[in-house]
>>> print(open('input.cif').read())   # mmCIF, C-alpha atoms
data_structure
loop_
_atom_site.label_atom_id
_atom_site.label_comp_id
_atom_site.auth_asym_id
_atom_site.auth_seq_id
_atom_site.Cartn_x
_atom_site.Cartn_y
_atom_site.Cartn_z
CA ASN A 1 145.98 53.15 80.76
CA ARG A 2 145.41 53.68 84.45
CA PRO A 3 148.18 55.40 86.39
CA ARG A 4 150.38 53.11 88.43
CA GLY A 5 150.77 53.85 92.10
CA ARG A 6 153.22 52.73 94.79
CA HIS A 7 154.22 49.13 95.20
CA ARG A 8 153.28 46.89 98.10
CA ALA A 9 155.53 47.34 101.14
CA PRO A 10 157.78 44.35 101.97
CA ALA A 11 157.16 42.47 105.19
CA THR A 12 160.63 43.45 106.45
CA MET A 13 159.36 47.04 106.65
CA LEU A 14 157.59 46.14 109.90
CA ASP A 15 160.86 45.14 111.58
CA GLU A 16 162.98 47.94 110.17
CA GLU A 17 160.85 51.08 109.89
CA PHE A 18 158.42 50.34 112.71
CA ALA A 19 160.72 48.78 115.30
CA ASP A 20 159.80 51.56 117.76
CA ILE A 21 156.04 50.93 117.41
CA PRO A 22 154.64 48.44 119.94
CA SER A 23 153.00 45.33 118.52
CA ILE A 24 149.56 44.84 120.01
CA PRO A 25 148.13 41.38 119.25
CA GLN A 26 144.44 40.83 118.66
CA GLU A 27 142.49 40.27 121.85
CA ASP A 28 139.94 37.48 121.39
CA GLY A 29 139.19 36.96 125.08
CA ASP A 30 140.02 34.00 127.29
CA ALA A 31 137.81 31.48 125.51
CA PRO A 32 136.94 32.48 121.94
CA VAL A 33 134.32 30.26 120.30
CA VAL A 34 136.29 30.12 117.08
CA ARG A 35 139.83 31.45 116.84
CA ILE A 36 140.59 32.65 113.32
CA LYS A 37 143.89 31.35 111.96
CA TYR A 38 145.41 34.42 110.34
CA VAL A 39 148.53 34.12 108.23
CA PRO A 40 151.63 35.40 110.08
CA GLU A 41 152.10 38.36 107.72
CA PHE A 42 148.57 39.59 108.45
CA GLU A 43 148.95 39.14 112.22
CA ALA A 44 152.24 41.06 112.23
CA ALA A 45 150.87 43.95 110.16
CA MET A 46 147.71 44.30 112.22
CA SER A 47 149.64 44.15 115.50
CA LYS A 48 151.83 47.06 114.36
CA PHE A 49 148.78 48.91 113.07
CA ARG A 50 147.09 48.65 116.48
CA GLY A 51 150.22 50.06 118.04
CA LEU A 52 150.22 52.94 115.58
CA LEU A 53 146.57 53.66 116.34
CA GLN A 54 147.31 53.72 120.05
CA LEU A 55 150.04 56.34 119.51
CA ASP A 56 147.85 58.23 117.02
CA GLU A 57 150.86 58.92 114.84
CA ARG A 58 149.92 60.74 111.63
CA SER A 59 152.93 60.63 109.37
CA GLU A 60 154.14 59.47 105.96
CA ARG A 61 155.35 56.22 107.45
CA ALA A 62 151.85 55.75 108.89
CA LEU A 63 150.61 56.01 105.31
CA ARG A 64 153.05 53.30 104.29
CA LEU A 65 151.80 51.02 107.04
CA THR A 66 148.13 51.58 106.21
CA GLU A 67 148.95 50.84 102.57
CA HIS A 68 150.44 47.52 103.67
CA VAL A 69 147.40 46.76 105.85
CA ILE A 70 144.97 47.64 103.04
CA ASP A 71 146.96 45.54 100.62
CA LEU A 72 146.35 42.58 102.93
CA ASN A 73 142.65 43.40 103.42
CA ALA A 74 141.15 46.14 101.24
CA ALA A 75 137.90 46.07 103.24
CA ASN A 76 139.60 47.25 106.45
CA TYR A 77 137.41 50.24 107.27
CA THR A 78 139.61 51.44 110.15
CA ALA A 79 142.72 51.53 107.96
CA TRP A 80 140.98 53.67 105.34
CA VAL A 81 139.67 56.13 107.93
CA TYR A 82 143.05 56.44 109.60
CA ARG A 83 144.71 56.93 106.24
CA ARG A 84 142.48 59.93 105.55
CA LYS A 85 143.30 61.34 108.97
CA CYS A 86 147.00 61.09 108.12
CA LEU A 87 146.52 62.78 104.76
CA ASP A 88 144.50 65.57 106.35
CA ALA A 89 147.18 66.10 109.00
CA LEU A 90 150.03 66.14 106.47
CA ASP A 91 148.04 68.54 104.26
CA SER A 92 150.09 67.99 101.10
CA ARG A 93 148.57 68.32 97.63
CA ASP A 94 151.35 66.13 96.26
CA LEU A 95 150.43 63.35 98.69
CA TRP A 96 146.74 63.63 97.77
CA GLN A 97 147.66 63.40 94.07
CA LYS A 98 149.71 60.28 94.71
CA GLU A 99 146.78 58.95 96.72
CA LEU A 100 144.43 59.39 93.78
CA GLU A 101 146.85 57.46 91.57
CA TRP A 102 147.22 54.72 94.17
CA CYS A 103 143.43 54.48 94.41
CA GLY A 104 143.39 53.61 90.73
CA ASP A 105 145.61 50.63 91.43
CA VAL A 106 143.55 49.46 94.39
CA ILE A 107 140.29 49.79 92.44
CA GLU A 108 141.75 47.75 89.59
CA ASN A 109 141.88 44.73 91.89
CA ASN A 110 138.97 45.65 94.19
CA GLN A 111 136.32 47.17 91.95
CA LYS A 112 133.43 46.08 94.18
CA ASN A 113 134.94 47.38 97.40
CA TYR A 114 132.95 50.28 98.83
CA GLN A 115 135.81 51.63 100.96
CA VAL A 116 138.11 52.45 98.07
CA TRP A 117 135.40 54.23 96.08
CA PHE A 118 134.50 56.37 99.10
CA HIS A 119 138.19 57.12 99.65
CA ARG A 120 138.52 58.20 96.03
CA ARG A 121 135.74 60.74 96.60
CA ARG A 122 137.83 62.39 99.27
CA CYS A 123 140.84 62.51 96.96
CA VAL A 124 138.82 64.11 94.18
CA GLU A 125 137.28 66.62 96.59
CA ARG A 126 140.64 67.66 98.00
CA LEU A 127 142.23 67.99 94.55
CA GLY A 128 139.25 69.56 92.79
CA ALA A 129 139.63 66.80 90.22
CA ALA A 130 135.96 66.19 89.41
CA GLY A 131 136.16 66.47 85.64
CA GLU A 132 136.08 64.62 82.34
CA ALA A 133 139.19 62.60 83.16
CA GLU A 134 137.53 61.20 86.26
CA LEU A 135 134.39 60.32 84.31
CA ALA A 136 136.62 58.50 81.82
CA PHE A 137 138.23 56.57 84.68
CA VAL A 138 134.82 55.39 85.89
CA ALA A 139 133.80 54.46 82.34
CA GLU A 140 136.94 52.33 82.09
CA CYS A 141 136.02 50.55 85.32
CA LEU A 142 132.46 49.99 84.12
CA ALA A 143 133.77 48.55 80.87
CA ASP A 144 135.34 45.82 83.03
CA GLU A 145 132.34 45.44 85.38
CA PRO A 146 129.26 46.94 83.66
CA LYS A 147 126.94 46.30 86.62
CA ASN A 148 129.25 47.44 89.41
CA TYR A 149 126.94 49.17 91.88
CA HIS A 150 129.78 51.05 93.59
CA ALA A 151 131.15 52.44 90.33
CA TRP A 152 127.70 53.61 89.22
CA GLY A 153 127.10 55.23 92.62
CA TYR A 154 130.43 57.02 92.37
CA ARG A 155 129.59 58.17 88.86
CA GLN A 156 126.29 59.64 90.08
CA TRP A 157 128.12 61.50 92.85
CA LEU A 158 130.63 62.80 90.31
CA LEU A 159 127.93 64.02 87.94
CA ARG A 160 126.17 65.85 90.75
CA ILE A 161 129.20 67.75 92.00
CA ALA A 162 130.71 68.49 88.58
CA GLY A 163 127.53 69.05 86.56
CA LEU A 164 128.82 66.94 83.67
CA TRP A 165 125.38 65.98 82.39
CA ASP A 166 125.65 66.80 78.69
CA GLU A 167 126.96 63.44 77.43
CA GLU A 168 125.51 61.12 80.06
CA LEU A 169 122.38 60.08 78.14
CA ALA A 170 124.56 59.23 75.16
CA TYR A 171 126.85 57.25 77.47
CA THR A 172 123.95 55.24 78.91
CA ALA A 173 122.63 54.62 75.39
CA ARG A 174 125.98 53.08 74.46
CA CYS A 175 125.96 50.94 77.59
CA ILE A 176 122.43 49.73 76.83
CA ARG A 177 123.32 49.05 73.23
CA GLU A 178 126.24 46.89 74.41
CA ASP A 179 124.08 45.09 76.98
CA PRO A 180 120.30 45.72 76.86
CA PHE A 181 119.92 43.71 80.09
CA ASN A 182 122.10 46.09 82.08
CA ASN A 183 119.62 47.39 84.66
CA SER A 184 122.29 49.68 86.09
CA ALA A 185 122.54 51.57 82.80
CA TRP A 186 118.75 51.88 82.56
CA ASN A 187 118.66 53.15 86.14
CA GLN A 188 121.41 55.65 85.37
CA ARG A 189 119.37 56.96 82.45
CA PHE A 190 116.37 57.59 84.69
CA PHE A 191 118.67 59.21 87.25
CA VAL A 192 119.91 61.69 84.62
CA LEU A 193 116.35 62.61 83.62
CA GLN A 194 115.42 63.11 87.25
CA GLU A 195 118.46 65.19 88.19
CA THR A 196 118.32 67.43 85.11
CA GLY A 197 114.59 68.18 85.34
CA ARG A 198 113.75 66.43 82.08
CA LEU A 199 111.03 64.41 83.79
CA ARG A 200 109.00 67.62 83.96
CA ASP A 201 109.22 67.98 80.17
CA ALA A 202 106.43 65.98 78.48
CA GLY A 203 108.30 65.94 75.17
CA ALA A 204 111.48 64.62 76.77
CA VAL A 205 109.60 61.90 78.64
CA GLN A 206 107.77 60.88 75.49
CA GLY A 207 111.08 60.62 73.67
CA GLU A 208 112.35 58.30 76.40
CA MET A 209 109.20 56.19 76.14
CA ASP A 210 109.92 55.81 72.42
CA PHE A 211 113.51 54.85 73.28
CA ALA A 212 112.30 52.21 75.72
CA MET A 213 109.72 50.79 73.32
CA ALA A 214 112.29 50.49 70.54
CA HIS A 215 114.33 48.23 72.82
CA ALA A 216 111.25 46.38 74.09
CA ALA A 217 110.11 45.67 70.56
CA GLY A 218 113.60 44.46 69.67
CA ASP A 219 113.58 41.95 72.52
CA PRO A 220 110.20 41.81 74.27
CA PHE A 221 111.47 39.19 76.73
CA ASN A 222 113.93 41.65 78.25
CA GLN A 223 112.29 43.10 81.37
CA SER A 224 114.62 46.12 81.57
CA PRO A 225 113.03 48.39 78.94
CA TRP A 226 109.54 47.50 80.17
CA SER A 227 110.41 48.54 83.73
CA TYR A 228 111.94 51.75 82.44
CA PHE A 229 108.84 52.41 80.32
CA LEU A 230 106.49 51.94 83.29
CA GLY A 231 108.64 54.23 85.38
CA LEU A 232 108.33 56.95 82.76
CA VAL A 233 104.57 56.54 82.48
CA ALA A 234 104.26 56.88 86.26
CA VAL A 235 105.89 60.34 86.24
CA HIS A 236 104.71 61.62 82.85
CA PRO A 237 103.50 65.24 83.19
CA SER A 238 100.55 64.59 80.88
CA GLY A 239 98.90 62.13 83.27
CA ALA A 240 95.89 60.25 81.84
CA GLU A 241 96.63 61.30 78.28
CA ALA A 242 100.11 59.76 78.52
CA LEU A 243 98.65 56.61 80.06
CA ASP A 244 96.28 56.09 77.13
CA LYS A 245 99.10 56.65 74.69
CA ALA A 246 101.27 54.16 76.55
CA VAL A 247 98.57 51.48 76.19
CA LYS A 248 98.47 52.06 72.44
CA MET A 249 102.25 51.78 72.25
CA VAL A 250 102.35 48.46 74.10
CA GLU A 251 99.34 46.74 72.51
CA PRO A 252 100.97 45.97 69.13
CA VAL A 253 103.97 44.31 70.78
CA ALA A 254 101.71 42.30 73.11
CA ASP A 255 99.51 41.24 70.18
CA GLN A 256 102.55 40.16 68.19
CA HIS A 257 104.01 38.14 71.08
CA ALA A 258 101.15 36.23 72.68
CA ASN A 259 103.51 34.17 74.87
CA CYS A 260 105.55 37.09 76.19
CA PRO A 261 104.89 37.66 79.92
CA GLN A 262 106.90 40.90 79.97
CA ALA A 263 104.80 42.56 77.28
CA HIS A 264 101.48 41.31 78.60
CA GLY A 265 102.43 42.08 82.19
CA THR A 266 103.22 45.67 81.20
CA LEU A 267 99.96 45.99 79.29
CA ALA A 268 97.98 44.58 82.22
CA GLU A 269 99.60 47.04 84.63
CA LEU A 270 98.71 49.94 82.34
CA LEU A 271 95.13 48.77 81.91
CA VAL A 272 94.70 48.50 85.68
CA LYS A 273 95.78 52.12 85.96
CA THR A 274 93.31 53.19 83.27
CA GLY A 275 90.51 51.31 84.99
CA ASP A 276 89.62 49.52 81.71
CA VAL A 277 88.52 46.25 83.34
CA ASP A 278 86.88 44.92 80.16
CA ALA A 279 90.08 45.28 78.15
CA LEU A 280 92.02 43.61 80.96
CA ARG A 281 89.67 40.60 80.89
CA ARG A 282 90.11 40.22 77.18
#
>>> encode(input="input.cif", output="structure tokens")
Amino acid sequence: NRPRGRHRAPATMLDEEFADIPSIPQEDGDAPVVRIKYVPEFEAAMSKFRGLLQLDERSERALRLTEHVIDLNAANYTAWVYRRKCLDALDSRDLWQKELEWCGDVIENNQKNYQVWFHRRRCVERLGAAGEAELAFVAECLADEPKNYHAWGYRQWLLRIAGLWDEELAYTARCIREDPFNNSAWNQRFFVLQETGRLRDAGAVQGEMDFAMAHAAGDPFNQSPWSYFLGLVAVHPSGAEALDKAVKMVEPVADQHANCPQAHGTLAELLVKTGDVDALRR
């Protein structure tokens, strides 16, 4: 289970704890084209937040106010930046640890929000927490949203800084087995090969071509393994020899599935690269 963080601050907090902070309303000009009708709670919180920004107060109560503001709008870039400034100024490991836990709660309800994933990077960096537990957290998020671009990007960052490459191919294989159409998992697999230098190993690349063809043969109408296969052929260290072998691998599937555009499209692309115009015409 994900750790639970702090609870949302009540609206009365603004009147009680921040009575000394000036409320600065939003300035839309004298004649705004369209005036946005914000709910009163949002207007009150943002007015106090503007006042806090003007004073540049970096305190624990500033953290509580930014939490309230982010709870109302998790995409508020300014609130996230100011929150990090407060944490840096307070310089408390305990606060950063609580922040990491709170991030888990925010991500649970905002998995496709870039700001919270970037903020989590800072927490992990400050705590030195880039390890297996963090990879497991991302895997849990991806189990909920298997094609979440932000979660995959965060996972790539985590792998790079922690060097936790050993099990990543096995992880992507499981993701692909669960959903062979998950382009994000196929992309992650190529990313691992690229980052670990395996793309310079002809044997490793050939093994991945076999992996791709096994999935392509299982469902030739799924474009994902074909795209992965072509990507591997393009970087194969063996060059022309690998290209000829790739044609021979694809031909049986194309012959077996005469009405499959994915298989025949892949074969045509390979034949163009070989320069075999006669075979392409056939």
>>> resolve_selection(input="input.cif", expression="the PyMOL selection byres ((chain A and resi 17-30) around 9)", output="number ranges by chain")
A: 12-16, 31-32, 35, 43-52, 55, 61, 65
>>> resolve_selection(input="input.cif", expression="the PyMOL selection byres ((chain A and resi 115) around 9)", output="list in words")
Ala74, Ala75, Asn76, Tyr77, Trp80, Asn113, Tyr114, Val116, Trp117, Phe118, His119 and Arg120 of chain A
>>> residues_around(input="input.cif", residues="Lys273 (chain A)", least_positions_apart="2", cutoff="10 Å", atoms="only C-alpha atoms", output="list in words")
Ala234, Ala240, Leu243, Asp244, Leu267, Ala268, Glu269, Leu270, Leu271, Gly275, Asp276 and Val277 of chain A
>>> closest_residue(input="input.cif", among="A:Pro252, A:Pro180, A:Ile70, A:Ser227", to="Val106 (chain A)", atoms="all atoms listed in the file")
A:Ile70
>>> atom_distance(input="input.cif", atom1="CA of Ser59 (chain A)", atom2="CA of Leu72 (chain A)")
20.3 Å
>>> closest_residue(input="input.cif", among="A:Arg174, A:Thr78, A:Val39, A:Asp71", to="Asn110 (chain A)", atoms="all atoms listed in the file")
A:Asp71
>>> residues_around(input="input.cif", residues="Asp91 (chain A)", least_positions_apart="6", cutoff="12 Å", atoms="only C-alpha atoms", output="compact mmCIF listing (two decimals) with C-alpha atoms, in the coordinates of the input")
# COMPACT_ATOMS: atom_id res chain seq x y z
CA ARG A 58 149.92 60.74 111.63
CA SER A 59 152.93 60.63 109.37
CA GLU A 60 154.14 59.47 105.96
CA ARG A 84 142.48 59.93 105.55
CA LYS A 85 143.30 61.34 108.97
CA GLN A 97 147.66 63.40 94.07
CA CYS A 123 140.84 62.51 96.96
CA ARG A 126 140.64 67.66 98.00
CA LEU A 127 142.23 67.99 94.55
>>> residues_around(input="input.cif", residues="Asn182 (chain A)", least_positions_apart="2", cutoff="10 Å", atoms="all atoms listed in the file", output="list in words")
Pro146, Lys147, Thr172, Cys175, Ile176, Arg177, Glu178, Asp179, Pro180, Ser184, Ala185, Trp186, Asn187, Ser224 and Pro225 of chain A
>>> resolve_selection(input="input.cif", expression="the PyMOL selection byres ((chain A and resi 160-163) around 10)", output="list in words")
Glu125, Gly128, Ala129, Ala130, Gly131, Glu132, Leu135, Tyr154, Arg155, Gln156, Trp157, Leu158, Leu159, Leu164, Trp165, Asp166, Val192, Glu195 and Thr196 of chain A
>>> write_last_selection(input="input.cif", atoms="C-alpha atoms", output="mmCIF file, in the coordinates of the input")
data_model
loop_
_atom_site.group_PDB
_atom_site.id
_atom_site.type_symbol
_atom_site.label_atom_id
_atom_site.label_comp_id
_atom_site.auth_asym_id
_atom_site.auth_seq_id
_atom_site.Cartn_x
_atom_site.Cartn_y
_atom_site.Cartn_z
ATOM 1 C CA GLU A 125 137.280 66.620 96.590
ATOM 2 C CA GLY A 128 139.250 69.560 92.790
ATOM 3 C CA ALA A 129 139.630 66.800 90.220
ATOM 4 C CA ALA A 130 135.960 66.190 89.410
ATOM 5 C CA GLY A 131 136.160 66.470 85.640
ATOM 6 C CA GLU A 132 136.080 64.620 82.340
ATOM 7 C CA LEU A 135 134.390 60.320 84.310
ATOM 8 C CA TYR A 154 130.430 57.020 92.370
ATOM 9 C CA ARG A 155 129.590 58.170 88.860
ATOM 10 C CA GLN A 156 126.290 59.640 90.080
ATOM 11 C CA TRP A 157 128.120 61.500 92.850
ATOM 12 C CA LEU A 158 130.630 62.800 90.310
ATOM 13 C CA LEU A 159 127.930 64.020 87.940
ATOM 14 C CA LEU A 164 128.820 66.940 83.670
ATOM 15 C CA TRP A 165 125.380 65.980 82.390
ATOM 16 C CA ASP A 166 125.650 66.800 78.690
ATOM 17 C CA VAL A 192 119.910 61.690 84.620
ATOM 18 C CA GLU A 195 118.460 65.190 88.190
ATOM 19 C CA THR A 196 118.320 67.430 85.110
#
>>> atom_distance(input="input.cif", atom1="CA of Gln223 (chain A)", atom2="CA of Gln262 (chain A)")
6.0 Å
>>> closest_residue(input="input.cif", among="A:Val34, A:Val124, A:Val247, A:Ala79", to="Trp96 (chain A)", atoms="only C-alpha atoms")
A:Val124
>>> closest_residue(input="input.cif", among="A:Arg64, A:Arg121, A:Phe137, A:Asp219", to="Leu95 (chain A)", atoms="only C-alpha atoms")
A:Arg64
>>> atom_distance(input="input.cif", atom1="CA of Ala216 (chain A)", atom2="CA of Lys112 (chain A)")
29.9 Å
>>> closest_residue(input="input.cif", among="A:Pro261, A:Glu168, A:Leu100, A:Glu251", to="Glu134 (chain A)", atoms="only C-alpha atoms")
A:Leu100
>>> closest_residue(input="input.cif", among="A:Glu67, A:Ala170, A:Asn73, A:Ser238", to="Glu99 (chain A)", atoms="all atoms listed in the file")
A:Glu67
>>> residues_around(input="input.cif", residues="Gly218 (chain A)", least_positions_apart="2", cutoff="12 Å", atoms="all atoms listed in the file", output="VMD selection string")
chain A and resid 177 180 211 to 216 220 to 223 225 to 226 253 256 to 257 263
>>> build_atoms(input="input.cif", residues="region 240-251 of chain A", atoms="all heavy atoms", output="tab-separated table (two decimals), in the frame of the given file")
chain	number	residue	atom	x	y	z
A	240	ALA	N	96.79	61.22	82.48
A	240	ALA	CA	95.89	60.25	81.84
A	240	ALA	C	96.12	60.17	80.34
A	240	ALA	O	96.04	59.10	79.73
A	240	ALA	CB	94.44	60.60	82.15
A	241	GLU	N	96.38	61.28	79.73
A	241	GLU	CA	96.63	61.30	78.28
A	241	GLU	C	97.85	60.44	77.94
A	241	GLU	O	97.84	59.66	76.98
A	241	GLU	CB	96.87	62.74	77.83
A	241	GLU	CG	97.14	62.86	76.33
A	241	GLU	CD	97.45	64.30	75.92
A	241	GLU	OE1	97.16	65.23	76.70
A	241	GLU	OE2	98.00	64.47	74.82
A	242	ALA	N	98.90	60.56	78.74
A	242	ALA	CA	100.11	59.76	78.52
A	242	ALA	C	99.83	58.28	78.77
A	242	ALA	O	100.37	57.41	78.08
A	242	ALA	CB	101.22	60.25	79.43
A	243	LEU	N	98.99	57.99	79.74
A	243	LEU	CA	98.65	56.61	80.06
A	243	LEU	C	97.94	55.95	78.90
A	243	LEU	O	98.25	54.81	78.51
A	243	LEU	CB	97.78	56.58	81.32
A	243	LEU	CG	97.46	55.22	81.92
A	243	LEU	CD1	98.72	54.45	82.26
A	243	LEU	CD2	96.60	55.40	83.17
A	244	ASP	N	96.99	56.64	78.29
A	244	ASP	CA	96.28	56.09	77.13
A	244	ASP	C	97.23	55.86	75.97
A	244	ASP	O	97.13	54.85	75.26
A	244	ASP	CB	95.17	57.06	76.71
A	244	ASP	CG	94.03	57.11	77.73
A	244	ASP	OD1	93.90	56.15	78.52
A	244	ASP	OD2	93.29	58.12	77.75
A	245	LYS	N	98.14	56.80	75.79
A	245	LYS	CA	99.10	56.65	74.69
A	245	LYS	C	100.04	55.48	74.94
A	245	LYS	O	100.40	54.74	74.02
A	245	LYS	CB	99.90	57.94	74.53
A	245	LYS	CG	100.80	57.92	73.30
A	245	LYS	CD	101.38	59.30	73.02
A	245	LYS	CE	102.18	59.28	71.72
A	245	LYS	NZ	102.73	60.63	71.39
A	246	ALA	N	100.38	55.27	76.20
A	246	ALA	CA	101.27	54.16	76.55
A	246	ALA	C	100.60	52.82	76.23
A	246	ALA	O	101.25	51.90	75.72
A	246	ALA	CB	101.62	54.24	78.03
A	247	VAL	N	99.31	52.71	76.51
A	247	VAL	CA	98.57	51.48	76.19
A	247	VAL	C	98.64	51.20	74.69
A	247	VAL	O	98.90	50.07	74.26
A	247	VAL	CB	97.11	51.58	76.66
A	247	VAL	CG1	96.28	50.41	76.12
A	247	VAL	CG2	97.04	51.62	78.18
A	248	LYS	N	98.44	52.22	73.90
A	248	LYS	CA	98.47	52.06	72.44
A	248	LYS	C	99.86	51.69	71.94
A	248	LYS	O	100.00	51.03	70.91
A	248	LYS	CB	97.98	53.34	71.77
A	248	LYS	CG	96.50	53.59	72.01
A	248	LYS	CD	96.06	54.94	71.46
A	248	LYS	CE	94.57	55.18	71.75
A	248	LYS	NZ	94.13	56.52	71.38
A	249	MET	N	100.89	52.12	72.65
A	249	MET	CA	102.25	51.78	72.25
A	249	MET	C	102.58	50.33	72.56
A	249	MET	O	103.29	49.66	71.81
A	249	MET	CB	103.26	52.69	72.98
A	249	MET	CG	103.20	54.15	72.59
A	249	MET	SD	104.28	55.21	73.61
A	249	MET	CE	105.90	54.73	72.98
A	250	VAL	N	102.03	49.82	73.66
A	250	VAL	CA	102.35	48.46	74.10
A	250	VAL	C	101.51	47.41	73.40
A	250	VAL	O	101.98	46.29	73.12
A	250	VAL	CB	102.19	48.35	75.64
A	250	VAL	CG1	102.37	46.91	76.10
A	250	VAL	CG2	103.17	49.28	76.34
A	251	GLU	N	100.27	47.73	73.08
A	251	GLU	CA	99.34	46.74	72.51
A	251	GLU	C	99.88	46.02	71.28
A	251	GLU	O	99.76	44.78	71.21
A	251	GLU	CB	98.00	47.42	72.18
A	251	GLU	CG	97.12	47.61	73.41
A	251	GLU	CD	95.82	48.32	73.09
A	251	GLU	OE1	95.79	49.12	72.11
A	251	GLU	OE2	94.82	48.09	73.81
